[in-house]
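**Q** Pasting target14.cif below, which is mmCIF, C-alpha atoms.
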```cif
data_final
loop_
_atom_site.label_atom_id
_atom_site.label_comp_id
_atom_site.auth_asym_id
_atom_site.auth_seq_id
_atom_site.Cartn_x
_atom_site.Cartn_y
_atom_site.Cartn_z
CA MET F 1 -73.37 68.99 80.72
CA ASN F 2 -73.93 65.90 82.92
CA ASP F 3 -71.86 65.32 86.05
CA TYR F 4 -69.52 62.76 84.50
CA TYR F 5 -68.45 64.99 81.61
CA LEU F 6 -68.33 68.03 83.87
CA LYS F 7 -65.96 66.19 86.19
CA LYS F 8 -63.76 65.03 83.32
CA SER F 9 -63.58 68.41 81.59
CA THR F 10 -62.88 70.25 84.85
CA LEU F 11 -60.13 67.95 86.05
CA ARG F 12 -58.56 67.82 82.60
CA LYS F 13 -58.35 71.61 82.48
CA VAL F 14 -56.99 71.85 86.03
CA THR F 15 -54.44 69.12 85.31
CA LEU F 16 -53.15 70.75 82.13
CA ARG F 17 -53.02 74.14 83.79
CA LEU F 18 -51.26 73.20 87.04
CA ILE F 19 -49.43 69.87 86.88
CA PRO F 20 -46.83 70.64 84.15
CA PHE F 21 -45.98 73.93 85.84
CA VAL F 22 -45.64 72.62 89.40
CA CYS F 23 -43.64 69.71 87.95
CA LEU F 24 -41.26 72.27 86.46
CA LEU F 25 -41.01 74.06 89.81
CA TYR F 26 -40.19 70.82 91.60
CA LEU F 27 -37.70 69.82 88.90
CA LEU F 28 -35.76 73.02 89.57
CA ASN F 29 -36.09 72.41 93.31
CA ILE F 30 -34.59 68.93 93.08
CA LEU F 31 -31.87 70.13 90.72
CA ASP F 32 -30.78 72.88 93.12
CA ARG F 33 -30.99 70.62 96.16
CA ALA F 34 -29.28 67.53 94.75
CA ASN F 35 -26.58 68.95 92.47
CA VAL F 36 -24.21 69.04 95.44
CA GLY F 37 -24.14 65.24 95.24
CA PHE F 38 -22.69 65.49 91.76
CA ALA F 39 -20.49 68.49 92.62
CA ARG F 40 -18.80 66.45 95.36
CA ILE F 41 -16.84 64.50 92.71
CA LYS F 42 -14.53 67.55 92.41
CA MET F 43 -15.72 70.00 95.06
CA GLN F 44 -14.70 67.82 97.99
CA ASP F 45 -11.05 67.76 96.93
CA ASP F 46 -10.97 71.39 95.79
CA LEU F 47 -12.14 72.57 99.22
CA GLY F 48 -9.94 70.08 101.06
CA LEU F 49 -12.87 68.39 102.78
CA THR F 50 -12.89 64.85 104.10
CA GLU F 51 -15.73 62.56 103.11
CA ALA F 52 -17.21 62.76 106.63
CA THR F 53 -17.02 66.57 106.59
CA PHE F 54 -18.73 66.74 103.20
CA ASN F 55 -21.47 64.38 104.40
CA ILE F 56 -22.13 66.66 107.37
CA GLY F 57 -22.39 69.60 104.99
CA PHE F 58 -24.79 67.66 102.79
CA GLY F 59 -27.01 67.01 105.81
CA MET F 60 -26.77 70.60 107.10
CA PHE F 61 -29.39 71.52 104.51
CA TYR F 62 -31.99 69.92 106.77
CA VAL F 63 -31.10 72.00 109.83
CA GLY F 64 -32.65 75.14 108.34
CA TYR F 65 -35.25 73.05 106.55
CA LEU F 66 -36.52 71.47 109.78
CA LEU F 67 -36.67 74.71 111.74
CA PHE F 68 -38.71 76.63 109.18
CA GLU F 69 -40.85 73.94 107.50
CA VAL F 70 -44.00 74.14 109.65
CA PRO F 71 -44.01 77.96 110.02
CA SER F 72 -43.52 78.26 106.27
CA ASN F 73 -46.52 76.09 105.42
CA LEU F 74 -48.74 77.89 107.93
CA LEU F 75 -47.68 81.22 106.44
CA MET F 76 -48.68 79.97 103.00
CA ARG F 77 -52.27 79.58 104.21
CA GLN F 78 -52.26 83.23 105.25
CA ILE F 79 -50.30 84.76 102.37
CA GLY F 80 -51.49 82.52 99.52
CA ALA F 81 -49.77 79.81 97.50
CA ARG F 82 -48.95 82.03 94.53
CA ARG F 83 -46.90 84.61 96.41
CA TRP F 84 -45.36 82.21 98.93
CA ILE F 85 -44.20 79.60 96.41
CA ALA F 86 -42.72 82.38 94.26
CA ARG F 87 -40.84 83.75 97.29
CA ILE F 88 -39.43 80.33 98.11
CA MET F 89 -38.20 79.78 94.56
CA ILE F 90 -36.52 83.13 94.20
CA SER F 91 -34.72 82.88 97.55
CA TRP F 92 -33.52 79.30 97.02
CA GLY F 93 -32.28 80.17 93.51
CA ILE F 94 -30.18 82.98 94.94
CA VAL F 95 -28.70 80.86 97.74
CA SER F 96 -28.06 77.90 95.43
CA SER F 97 -26.11 80.15 93.06
CA LEU F 98 -24.13 81.60 95.97
CA THR F 99 -22.92 78.10 96.89
CA MET F 100 -20.27 78.69 94.22
CA LEU F 101 -18.59 80.97 96.79
CA ALA F 102 -17.95 78.19 99.33
CA GLN F 103 -14.29 78.30 100.42
CA ASP F 104 -14.07 75.84 103.31
CA ALA F 105 -16.14 73.59 105.56
CA TYR F 106 -17.73 76.42 107.52
CA SER F 107 -18.84 78.47 104.53
CA PHE F 108 -20.14 75.26 102.95
CA TYR F 109 -22.12 74.46 106.11
CA GLY F 110 -23.53 77.98 106.30
CA LEU F 111 -24.66 78.02 102.68
CA ARG F 112 -26.30 74.60 103.04
CA ILE F 113 -28.22 75.78 106.14
CA LEU F 114 -29.33 78.93 104.28
CA LEU F 115 -30.49 76.81 101.34
CA GLY F 116 -32.59 74.72 103.73
CA ILE F 117 -34.16 77.87 105.20
CA ALA F 118 -34.89 79.21 101.71
CA GLU F 119 -36.49 75.96 100.50
CA ALA F 120 -38.39 75.21 103.72
CA GLY F 121 -42.07 74.73 103.03
CA PHE F 122 -41.87 74.24 99.27
CA PHE F 123 -42.68 70.54 99.04
CA PRO F 124 -45.45 70.47 101.70
CA ALA F 125 -46.83 73.66 100.16
CA ILE F 126 -47.22 71.90 96.80
CA ILE F 127 -48.77 68.81 98.43
CA LEU F 128 -51.23 71.05 100.27
CA TYR F 129 -51.84 73.08 97.11
CA LEU F 130 -52.75 69.97 95.12
CA SER F 131 -55.24 69.02 97.83
CA PHE F 132 -57.09 72.29 97.09
CA TRP F 133 -57.56 71.32 93.45
CA PHE F 134 -57.88 67.54 93.13
CA PRO F 135 -60.37 65.15 94.78
CA TYR F 136 -58.91 62.39 96.94
CA GLN F 137 -59.36 59.59 94.39
CA GLU F 138 -57.38 61.57 91.80
CA ARG F 139 -54.58 62.56 94.14
CA ALA F 140 -52.08 59.66 93.95
CA LYS F 141 -51.62 59.89 90.20
CA MET F 142 -51.51 63.70 90.30
CA THR F 143 -48.91 63.53 93.05
CA ALA F 144 -47.02 60.97 90.95
CA PHE F 145 -47.11 63.22 87.88
CA PHE F 146 -45.92 66.18 89.96
CA MET F 147 -43.18 64.11 91.59
CA LEU F 148 -41.94 62.81 88.26
CA ALA F 149 -39.84 65.95 88.52
CA ILE F 150 -37.52 64.12 90.93
CA GLY F 151 -36.63 61.52 88.32
CA LEU F 152 -36.65 63.99 85.44
CA ALA F 153 -34.38 66.39 87.32
CA ASN F 154 -31.82 63.62 87.63
CA VAL F 155 -32.37 62.19 84.15
CA VAL F 156 -31.80 65.64 82.65
CA GLY F 157 -29.71 67.19 85.41
CA ASN F 158 -26.99 64.56 85.87
CA PRO F 159 -25.78 64.62 82.25
CA ILE F 160 -25.98 68.43 82.25
CA SER F 161 -24.10 68.57 85.55
CA GLY F 162 -21.46 66.22 84.19
CA PHE F 163 -21.16 68.32 81.02
CA ILE F 164 -20.81 71.57 82.96
CA MET F 165 -18.21 70.18 85.33
CA GLN F 166 -16.15 68.59 82.56
CA TYR F 167 -16.25 71.27 79.87
CA LEU F 168 -16.55 74.53 81.85
CA ASP F 169 -13.90 73.65 84.43
CA SER F 170 -11.35 76.52 84.66
CA SER F 171 -13.43 78.79 82.40
CA LEU F 172 -13.04 82.40 83.59
CA GLY F 173 -11.02 81.07 86.49
CA LEU F 174 -13.93 79.13 88.02
CA HIS F 175 -14.06 75.44 88.92
CA GLY F 176 -16.61 73.28 87.13
CA TRP F 177 -18.64 72.85 90.33
CA GLN F 178 -18.84 76.63 90.71
CA TRP F 179 -20.33 76.93 87.23
CA LEU F 180 -22.69 74.10 88.20
CA PHE F 181 -24.22 76.02 91.13
CA LEU F 182 -24.39 79.29 89.20
CA LEU F 183 -25.99 77.93 86.03
CA GLU F 184 -28.45 75.61 87.78
CA GLY F 185 -29.53 78.17 90.40
CA THR F 186 -30.37 81.03 88.04
CA PRO F 187 -33.43 79.42 86.33
CA SER F 188 -35.17 79.08 89.72
CA ILE F 189 -35.01 82.83 90.21
CA ILE F 190 -36.51 83.49 86.78
CA ILE F 191 -39.30 80.89 87.07
CA GLY F 192 -40.06 82.16 90.59
CA PHE F 193 -41.17 85.48 89.11
CA VAL F 194 -43.23 83.62 86.50
CA ALA F 195 -44.99 81.64 89.27
CA LEU F 196 -46.05 84.90 90.89
CA TYR F 197 -48.28 85.62 87.89
CA TYR F 198 -49.16 82.12 86.69
CA LEU F 199 -50.41 80.26 89.78
CA THR F 200 -53.94 80.61 91.17
CA ASP F 201 -54.47 80.32 94.92
CA TYR F 202 -57.86 78.55 95.10
CA PRO F 203 -60.54 77.18 92.74
CA LYS F 204 -62.77 80.18 93.54
CA ASP F 205 -60.11 82.41 91.93
CA ALA F 206 -59.76 80.27 88.77
CA LEU F 207 -61.13 82.58 86.08
CA TRP F 208 -59.61 80.20 83.51
CA LEU F 209 -62.39 77.71 84.43
CA SER F 210 -65.94 78.19 83.20
CA ASP F 211 -68.51 79.20 85.81
CA GLU F 212 -69.99 75.70 85.72
CA GLN F 213 -66.61 74.02 86.13
CA ARG F 214 -65.56 76.37 88.92
CA THR F 215 -68.79 75.78 90.83
CA TRP F 216 -68.48 71.99 90.48
CA LEU F 217 -64.89 71.99 91.75
CA ILE F 218 -65.62 74.29 94.70
CA ASN F 219 -68.57 72.16 95.78
CA LYS F 220 -66.63 68.92 95.32
CA MET F 221 -63.68 70.03 97.44
CA GLN F 222 -65.93 71.49 100.14
CA GLN F 223 -67.87 68.23 100.30
CA GLU F 224 -64.69 66.20 100.82
CA GLU F 225 -63.40 68.59 103.46
CA SER F 226 -66.68 68.36 105.36
CA GLN F 227 -66.58 64.57 105.28
CA ARG F 228 -62.97 64.45 106.53
CA LEU F 229 -63.82 66.85 109.31
CA GLN F 230 -66.86 64.80 110.33
CA GLN F 231 -64.96 61.50 110.34
CA PHE F 232 -61.64 62.54 111.91
CA ASN F 233 -62.30 65.95 113.51
CA ALA F 234 -58.76 66.91 112.52
CA ASP F 235 -58.88 70.53 111.42
CA ARG F 236 -57.15 72.22 114.37
CA LEU F 237 -53.37 72.52 114.52
CA SER F 238 -53.32 70.30 117.61
CA ALA F 239 -54.28 67.38 115.33
CA ILE F 240 -50.63 67.11 114.31
CA LEU F 241 -50.09 65.38 117.66
CA GLN F 242 -52.31 62.47 116.59
CA TRP F 243 -50.61 59.07 116.51
CA ARG F 244 -51.38 58.75 112.79
CA VAL F 245 -49.16 61.76 112.02
CA TRP F 246 -46.23 60.31 113.97
CA TRP F 247 -46.73 56.87 112.47
CA LEU F 248 -46.47 58.47 109.01
CA ILE F 249 -43.32 60.27 110.16
CA ALA F 250 -41.76 56.91 111.09
CA ILE F 251 -42.49 55.50 107.63
CA TYR F 252 -41.28 58.58 105.79
CA PHE F 253 -38.09 58.67 107.87
CA SER F 254 -36.97 55.44 106.19
CA VAL F 255 -37.68 56.90 102.75
CA ALA F 256 -35.83 60.14 103.57
CA VAL F 257 -32.73 58.25 104.71
CA GLY F 258 -32.63 56.19 101.51
CA THR F 259 -33.39 58.91 98.98
CA ASN F 260 -30.96 61.42 100.48
CA ALA F 261 -28.20 58.83 100.83
CA GLY F 262 -28.81 57.93 97.19
CA ALA F 263 -28.64 61.57 96.11
CA ALA F 264 -25.35 62.00 97.95
CA TYR F 265 -23.72 58.73 96.83
CA PHE F 266 -25.15 57.48 93.53
CA PRO F 267 -22.53 59.29 91.38
CA LYS F 268 -19.77 58.14 93.71
CA ILE F 269 -21.02 54.52 93.78
CA ILE F 270 -21.22 54.45 89.98
CA GLN F 271 -17.78 56.03 89.71
CA GLY F 272 -16.45 53.26 91.94
CA GLN F 273 -18.05 50.55 89.80
CA PHE F 274 -17.03 52.05 86.44
CA ALA F 275 -13.75 53.84 87.17
CA GLU F 276 -12.84 54.22 83.49
CA LEU F 277 -15.78 56.56 82.75
CA THR F 278 -15.47 60.34 82.34
CA THR F 279 -17.48 62.74 84.51
CA PHE F 280 -19.95 63.30 81.68
CA GLN F 281 -20.38 59.53 81.16
CA ILE F 282 -20.99 59.07 84.90
CA GLY F 283 -23.71 61.71 84.59
CA LEU F 284 -25.36 59.79 81.77
CA LEU F 285 -25.21 56.51 83.67
CA THR F 286 -26.47 58.10 86.89
CA SER F 287 -29.60 59.26 85.06
CA ILE F 288 -30.74 55.69 84.32
CA PRO F 289 -31.95 54.75 87.86
CA HIS F 290 -33.95 57.97 87.90
CA LEU F 291 -35.46 57.19 84.50
CA CYS F 292 -36.57 53.83 85.92
CA ALA F 293 -38.09 55.69 88.87
CA VAL F 294 -40.11 57.93 86.53
CA VAL F 295 -41.74 54.84 85.04
CA GLY F 296 -42.29 53.22 88.44
CA MET F 297 -43.84 56.30 90.03
CA SER F 298 -46.29 56.65 87.14
CA ILE F 299 -47.35 53.01 87.35
CA PHE F 300 -47.74 52.99 91.13
CA GLY F 301 -49.62 56.32 91.21
CA ILE F 302 -52.08 55.38 88.47
CA SER F 303 -52.58 51.86 89.84
CA SER F 304 -53.13 53.08 93.40
CA ASP F 305 -55.87 55.47 92.28
CA TYR F 306 -57.45 52.96 89.89
CA PHE F 307 -57.80 50.29 92.56
CA ASN F 308 -58.32 52.87 95.34
CA GLU F 309 -55.70 50.94 97.33
CA ARG F 310 -52.73 52.35 99.26
CA HIS F 311 -51.43 49.73 101.70
CA LYS F 312 -50.25 47.02 99.28
CA HIS F 313 -48.82 49.56 96.87
CA LEU F 314 -46.80 51.22 99.62
CA THR F 315 -45.57 47.89 100.99
CA THR F 316 -44.55 46.60 97.55
CA ALA F 317 -42.59 49.76 96.77
CA GLY F 318 -40.81 49.58 100.14
CA LEU F 319 -39.79 45.96 99.52
CA MET F 320 -38.47 46.92 96.07
CA ALA F 321 -36.28 49.57 97.69
CA ALA F 322 -34.84 47.05 100.16
CA LEU F 323 -34.25 44.50 97.38
CA GLY F 324 -32.44 47.05 95.23
CA TRP F 325 -30.08 48.16 98.00
CA SER F 326 -29.45 44.46 98.77
CA LEU F 327 -28.28 43.79 95.21
CA THR F 328 -25.95 46.78 95.29
CA ALA F 329 -24.57 45.75 98.69
CA TRP F 330 -24.08 42.15 97.49
CA ASN F 331 -22.25 43.49 94.39
CA PRO F 332 -21.29 40.29 92.54
CA SER F 333 -20.56 42.42 89.46
CA PRO F 334 -20.75 46.11 88.42
CA MET F 335 -23.87 45.45 86.32
CA ILE F 336 -25.73 43.70 89.19
CA ALA F 337 -24.78 46.53 91.53
CA PHE F 338 -26.05 49.05 88.98
CA LEU F 339 -29.28 47.07 88.51
CA GLY F 340 -29.69 47.24 92.28
CA LEU F 341 -29.47 51.04 92.17
CA CYS F 342 -32.17 51.10 89.49
CA ILE F 343 -34.50 48.89 91.56
CA ALA F 344 -33.77 50.76 94.80
CA GLN F 345 -34.46 54.16 93.26
CA THR F 346 -37.65 52.89 91.60
CA GLY F 347 -38.91 51.43 94.89
CA MET F 348 -38.06 54.49 97.00
CA MET F 349 -39.60 56.97 94.59
CA SER F 350 -42.70 54.83 93.93
CA MET F 351 -43.52 55.02 97.64
CA LEU F 352 -43.88 58.81 97.50
CA PRO F 353 -47.05 59.43 95.42
CA VAL F 354 -48.92 56.76 97.39
CA PHE F 355 -47.60 57.95 100.75
CA TRP F 356 -48.54 61.60 100.23
CA THR F 357 -52.21 60.80 99.71
CA LEU F 358 -52.40 59.63 103.33
CA PRO F 359 -52.04 62.89 105.34
CA THR F 360 -54.79 64.63 103.36
CA ALA F 361 -57.05 61.59 103.83
CA PHE F 362 -57.66 62.63 107.44
CA LEU F 363 -56.21 66.14 107.98
CA THR F 364 -57.89 69.35 106.90
CA GLY F 365 -57.58 73.10 107.47
CA ALA F 366 -54.68 74.29 109.62
CA ALA F 367 -54.00 70.68 110.63
CA ALA F 368 -53.35 69.76 106.98
CA ALA F 369 -50.91 72.64 106.53
CA GLY F 370 -49.12 71.94 109.80
CA GLY F 371 -49.36 68.14 109.59
CA ILE F 372 -47.94 67.80 106.08
CA ALA F 373 -45.09 70.14 107.00
CA MET F 374 -44.51 68.29 110.29
CA ILE F 375 -44.31 64.90 108.54
CA ASN F 376 -41.94 66.22 105.90
CA SER F 377 -39.70 68.15 108.29
CA VAL F 378 -39.35 65.69 111.19
CA ALA F 379 -38.98 62.68 108.88
CA ASN F 380 -36.30 64.53 106.96
CA ILE F 381 -34.07 64.29 110.00
CA GLY F 382 -33.26 61.16 108.03
CA GLY F 383 -31.92 63.49 105.36
CA ILE F 384 -29.44 64.97 107.83
CA PHE F 385 -28.02 61.55 108.61
CA GLY F 386 -28.70 59.62 105.38
CA ALA F 387 -25.36 60.31 103.71
CA THR F 388 -23.48 59.79 106.99
CA ILE F 389 -25.24 56.47 107.66
CA LEU F 390 -24.35 55.15 104.21
CA GLY F 391 -20.79 56.48 104.43
CA SER F 392 -20.21 55.05 107.92
CA TYR F 393 -22.18 51.80 107.94
CA GLY F 394 -22.38 50.86 104.29
CA LEU F 395 -25.08 49.74 101.91
CA TRP F 396 -26.55 47.05 104.15
CA ALA F 397 -27.64 49.82 106.54
CA MET F 398 -29.93 51.08 103.75
CA VAL F 399 -31.47 47.62 103.44
CA PHE F 400 -32.15 47.46 107.18
CA ILE F 401 -33.74 50.94 107.29
CA HIS F 402 -36.09 50.21 104.38
CA LEU F 403 -37.14 46.89 105.86
CA LEU F 404 -37.88 48.73 109.10
CA GLY F 405 -40.08 51.12 107.13
CA VAL F 406 -41.96 48.18 105.60
CA ILE F 407 -42.53 46.76 109.08
CA PHE F 408 -44.08 50.07 110.13
CA ILE F 409 -46.40 49.94 107.12
CA ILE F 410 -47.48 46.35 107.77
CA ALA F 411 -47.85 46.75 111.53
CA VAL F 412 -50.48 49.51 111.53
CA LYS F 413 -53.73 48.31 113.08
CA ASP F 414 -55.95 51.07 111.77
CA ARG F 415 -55.61 50.44 108.05
CA SER F 416 -59.26 51.00 107.19
CA SER F 417 -59.32 54.59 108.46
CA ILE F 418 -56.32 55.79 106.45
CA PHE F 419 -55.59 53.24 103.75
CA ASN F 420 -58.35 52.79 101.16
CA GLN F 421 -59.90 55.98 102.49
CA GLN F 422 -62.87 57.19 100.47
CA PRO F 423 -63.78 60.68 101.64
CA THR F 424 -66.63 60.91 99.22
CA THR F 425 -69.30 58.40 98.33
CA THR F 426 -71.19 60.60 95.90
CA LYS F 427 -71.62 59.00 92.50
CA LEU F 428 -70.45 61.19 89.65
#
```
Just give me the structure of the file as structure tokens.
**A**
Amino acid sequence: MNDYYLKKSTLRKVTLRLIPFVCLLYLLNILDRANVGFARIKMQDDLGLTEATFNIGFGMFYVGYLLFEVPSNLLMRQIGARRWIARIMISWGIVSSLTMLAQDAYSFYGLRILLGIAEAGFFPAIILYLSFWFPYQERAKMTAFFMLAIGLANVVGNPISGFIMQYLDSSLGLHGWQWLFLLEGTPSIIIGFVALYYLTDYPKDALWLSDEQRTWLINKMQQEESQRLQQFNADRLSAILQWRVWWLIAIYFSVAVGTNAGAAYFPKIIQGQFAELTTFQIGLLTSIPHLCAVVGMSIFGISSDYFNERHKHLTTAGLMAALGWSLTAWNPSPMIAFLGLCIAQTGMMSMLPVFWTLPTAFLTGAAAAGGIAMINSVANIGGIFGATILGSYGLWAMVFIHLLGVIFIIAVKDRSSIFNQQPTTTKL
């Protein structure tokens, strides 16, 4: 088999084996993390919480998440992706289900912090895991396919959440939001045990590849790692102090603010625009911006890899996010405001697959594990304050934050060493 067909057959088999499954894992992750945004429609009043108090609880997730993100990803390198990802899923499924027991602000805060601790390391672990299996020039579209789970979780999850809250409310003496946490947390526990047996840690362990395919993939990934190490010398954990890492944190902070504010407020914004709708109908309508994002992420990821270009794609997506929030803030009519939500969500989510190719363009080894986790955790301080910023300062604050993120993207002087990075020049 010549190199071209060997590459194609190997990557096709790896893609079919891993991407649908990790997409399912992430779908459950997003569902369990974001369903509190839908639950707030009834949960806030049932627990007697003010809007500000609920927003603080929403952000409390990131307290535990920030503290344990880097240690979690470093532990994954020692323990192995298969066992560590399974552990994360099982523990977050349990805590998510237990959120049904929240009685007041303090129990709500505590459960949100525990959920953050349980989930810490999952997303950077998957990003790092994909970097073990896919060459750099395949990574944006693979990250996009994996991250389609965010949109799909909301496309599928919002109508289901609305259905559960409307039709199971008061069943067996439980509120609809209690059923929501219980029924959407349980699948994560089950699939966590499946992951323990299904995932493979490294290409060298992939007995489901032929010997020829396995050898090609091992050599390919080792070649890229050697080239990154030679060019950037960023394999030690101390590399996370490089300015590039903190510049990426600044960009991702703007995305984290917007996406988490959207998760907390989209159902409420839509309810305010279309007050006559039932909870189930709000769920259906809330799924549409996320469906648009699924399409946008796919287009941006595939296009970015095809043209081997990151900078313009990232800038364009950031501007789309700012434009969308602007339309919603302007709000000349409910339909224009809703269109703005669709554009904003598409822009914010389309930034992600392009953005997450950048850390692994120059980090390797322990620095990749620590750096990816550091970017995700520190930038997600924006997640702590996203809902509060939107609730306190309004929609125009989202526009300002995304424009600031675009300025950070445009202002970088070292584009050639991160953007358009080509770790390998070997012809295949």
**Q** Could you write out as a PDB file with C-alpha atoms, in the coordinates of the input the residues that the PyMOL selection byres ((chain F and resi 27) around 10) matches in the shown file?
**A**
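As a result, result-v9.pdb now contains:
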```pdb
ATOM      1  CA  PHE F  21     -45.980  73.930  85.840  1.00  0.00           C
ATOM      2  CA  VAL F  22     -45.640  72.620  89.400  1.00  0.00           C
ATOM      3  CA  CYS F  23     -43.640  69.710  87.950  1.00  0.00           C
ATOM      4  CA  LEU F  24     -41.260  72.270  86.460  1.00  0.00           C
ATOM      5  CA  LEU F  25     -41.010  74.060  89.810  1.00  0.00           C
ATOM      6  CA  TYR F  26     -40.190  70.820  91.600  1.00  0.00           C
ATOM      7  CA  LEU F  28     -35.760  73.020  89.570  1.00  0.00           C
ATOM      8  CA  ASN F  29     -36.090  72.410  93.310  1.00  0.00           C
ATOM      9  CA  ILE F  30     -34.590  68.930  93.080  1.00  0.00           C
ATOM     10  CA  LEU F  31     -31.870  70.130  90.720  1.00  0.00           C
ATOM     11  CA  ASP F  32     -30.780  72.880  93.120  1.00  0.00           C
ATOM     12  CA  ARG F  33     -30.990  70.620  96.160  1.00  0.00           C
ATOM     13  CA  PHE F 146     -45.920  66.180  89.960  1.00  0.00           C
ATOM     14  CA  MET F 147     -43.180  64.110  91.590  1.00  0.00           C
ATOM     15  CA  LEU F 148     -41.940  62.810  88.260  1.00  0.00           C
ATOM     16  CA  ALA F 149     -39.840  65.950  88.520  1.00  0.00           C
ATOM     17  CA  ILE F 150     -37.520  64.120  90.930  1.00  0.00           C
ATOM     18  CA  GLY F 151     -36.630  61.520  88.320  1.00  0.00           C
ATOM     19  CA  LEU F 152     -36.650  63.990  85.440  1.00  0.00           C
ATOM     20  CA  ALA F 153     -34.380  66.390  87.320  1.00  0.00           C
ATOM     21  CA  ASN F 154     -31.820  63.620  87.630  1.00  0.00           C
ATOM     22  CA  VAL F 156     -31.800  65.640  82.650  1.00  0.00           C
ATOM     23  CA  GLY F 157     -29.710  67.190  85.410  1.00  0.00           C
ATOM     24  CA  SER F 188     -35.170  79.080  89.720  1.00  0.00           C
TER      25      SER F 188
END
```
**Q** Just the number, please: distance in Å from atom CA of Thr99 of chain F to atom CA of Ile190 of chain F, one decimal.
**A**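 Value for the atom CA of Thr99 of chain F-atom CA of Ile190 of chain F distance: 17.8 Å.
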**Q** For the provided coordinates, the residues matched by the PyMOL selection byres ((chain F and resi 119-130) around 7) should be stated as a PyMOL selection string.
**A** chain F and resi 65+68-70+72-73+85+88+92+115-118+131-134+369+372-373+376
**Q** Export C-alpha atoms of the chosen residues as an mmCIF file, keeping the file's coordinate frame?
**A**
```
data_model
loop_
_atom_site.group_PDB
_atom_site.id
_atom_site.type_symbol
_atom_site.label_atom_id
_atom_site.label_comp_id
_atom_site.auth_asym_id
_atom_site.auth_seq_id
_atom_site.Cartn_x
_atom_site.Cartn_y
_atom_site.Cartn_z
ATOM 1 C CA TYR F 65 -35.250 73.050 106.550
ATOM 2 C CA PHE F 68 -38.710 76.630 109.180
ATOM 3 C CA GLU F 69 -40.850 73.940 107.500
ATOM 4 C CA VAL F 70 -44.000 74.140 109.650
ATOM 5 C CA SER F 72 -43.520 78.260 106.270
ATOM 6 C CA ASN F 73 -46.520 76.090 105.420
ATOM 7 C CA ILE F 85 -44.200 79.600 96.410
ATOM 8 C CA ILE F 88 -39.430 80.330 98.110
ATOM 9 C CA TRP F 92 -33.520 79.300 97.020
ATOM 10 C CA LEU F 115 -30.490 76.810 101.340
ATOM 11 C CA GLY F 116 -32.590 74.720 103.730
ATOM 12 C CA ILE F 117 -34.160 77.870 105.200
ATOM 13 C CA ALA F 118 -34.890 79.210 101.710
ATOM 14 C CA SER F 131 -55.240 69.020 97.830
ATOM 15 C CA PHE F 132 -57.090 72.290 97.090
ATOM 16 C CA TRP F 133 -57.560 71.320 93.450
ATOM 17 C CA PHE F 134 -57.880 67.540 93.130
ATOM 18 C CA ALA F 369 -50.910 72.640 106.530
ATOM 19 C CA ILE F 372 -47.940 67.800 106.080
ATOM 20 C CA ALA F 373 -45.090 70.140 107.000
ATOM 21 C CA ASN F 376 -41.940 66.220 105.900
#
```
**Q** With segment 4-10 of chain F as the partner and 10 Å as the cut-off, tabulate the residues of segment 203-317 of chain F that qualify, each row holding the nearest pair of atoms and their distance in Å to one decimal, using only C-alpha atoms, sorted by chain and rising number, as JSON lines.
**A**
```
{"residue": "F:Leu209", "atom": "CA", "partner": "F:Thr10", "partner_atom": "CA", "distance": 7.5}
{"residue": "F:Ser210", "atom": "CA", "partner": "F:Thr10", "partner_atom": "CA", "distance": 8.7}
{"residue": "F:Glu212", "atom": "CA", "partner": "F:Leu6", "partner_atom": "CA", "distance": 8.1}
{"residue": "F:Gln213", "atom": "CA", "partner": "F:Thr10", "partner_atom": "CA", "distance": 5.5}
{"residue": "F:Arg214", "atom": "CA", "partner": "F:Thr10", "partner_atom": "CA", "distance": 7.8}
{"residue": "F:Trp216", "atom": "CA", "partner": "F:Lys7", "partner_atom": "CA", "distance": 7.6}
{"residue": "F:Leu217", "atom": "CA", "partner": "F:Thr10", "partner_atom": "CA", "distance": 7.4}
{"residue": "F:Lys220", "atom": "CA", "partner": "F:Lys7", "partner_atom": "CA", "distance": 9.6}
```
**Q** May I have the residues within 9 Å of Tyr167 of chain F as JSON, numbers by chain, using all atoms listed in the file and disregarding those fewer than 4 positions away in the same chain?
**A** {"F": [162, 163, 171, 176, 280]}
**Q** Please determine, counting all atoms listed in the file, which residue among F:Trp356, F:Trp325, F:Trp330, F:Trp84 has the shortest atom-to-atom distance to Phe400 of chain F.
**A**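 Among the listed residues, F:Trp325 lies closest to Phe400 of chain F.
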**Q** Applying the PyMOL selection byres ((chain F and resi 306) around 12) to the file I just gave you, which residues come out? Please list them as a list in words.
**A**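 In the shown coordinates, the PyMOL selection byres ((chain F and resi 306) around 12) covers Tyr136, Gln137, Glu138, Arg139, Ala140, Lys141, Ile299, Phe300, Gly301, Ile302, Ser303, Ser304, Asp305, Phe307, Asn308, Glu309, Arg310, His313, Val354 and Asn420 of chain F.
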**Q** Which polymer residues have any atom within 12 Å of an atom of Trp247 of chain F, counting only C-alpha atoms, with same-chain residues fewer than 5 positions away left out, as a list in words?
**A**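 Those residues are Ile240, Leu241, Gln242, Tyr252, Phe253, Ser254, Phe355, Leu358, Pro359, Gly371, Met374, Ile375, Val378, Ala379, Gly405, Ile407, Phe408, Ile409, Ile410, Ala411, Val412, Lys413, Asp414, Arg415 and Ile418 of chain F.
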**Q** Enter the distance from atom CA of Cys342 of chain F to atom CA of Val294 of chain F, in Å, rounded to one decimal.
**A** 10.9 Å
**Q** Nearest residue to Phe274 of chain F out of F:Phe145, F:Phe61, F:Phe338, F:Trp208, using all atoms listed in the file?
**A** F:Phe338
**Q** Would you compute the distance between atom CA of Gly386 of chain F and atom CA of Asn158 of chain F? Give it in Å to one decimal.
**A**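 Those two atoms sit 20.2 Å apart.
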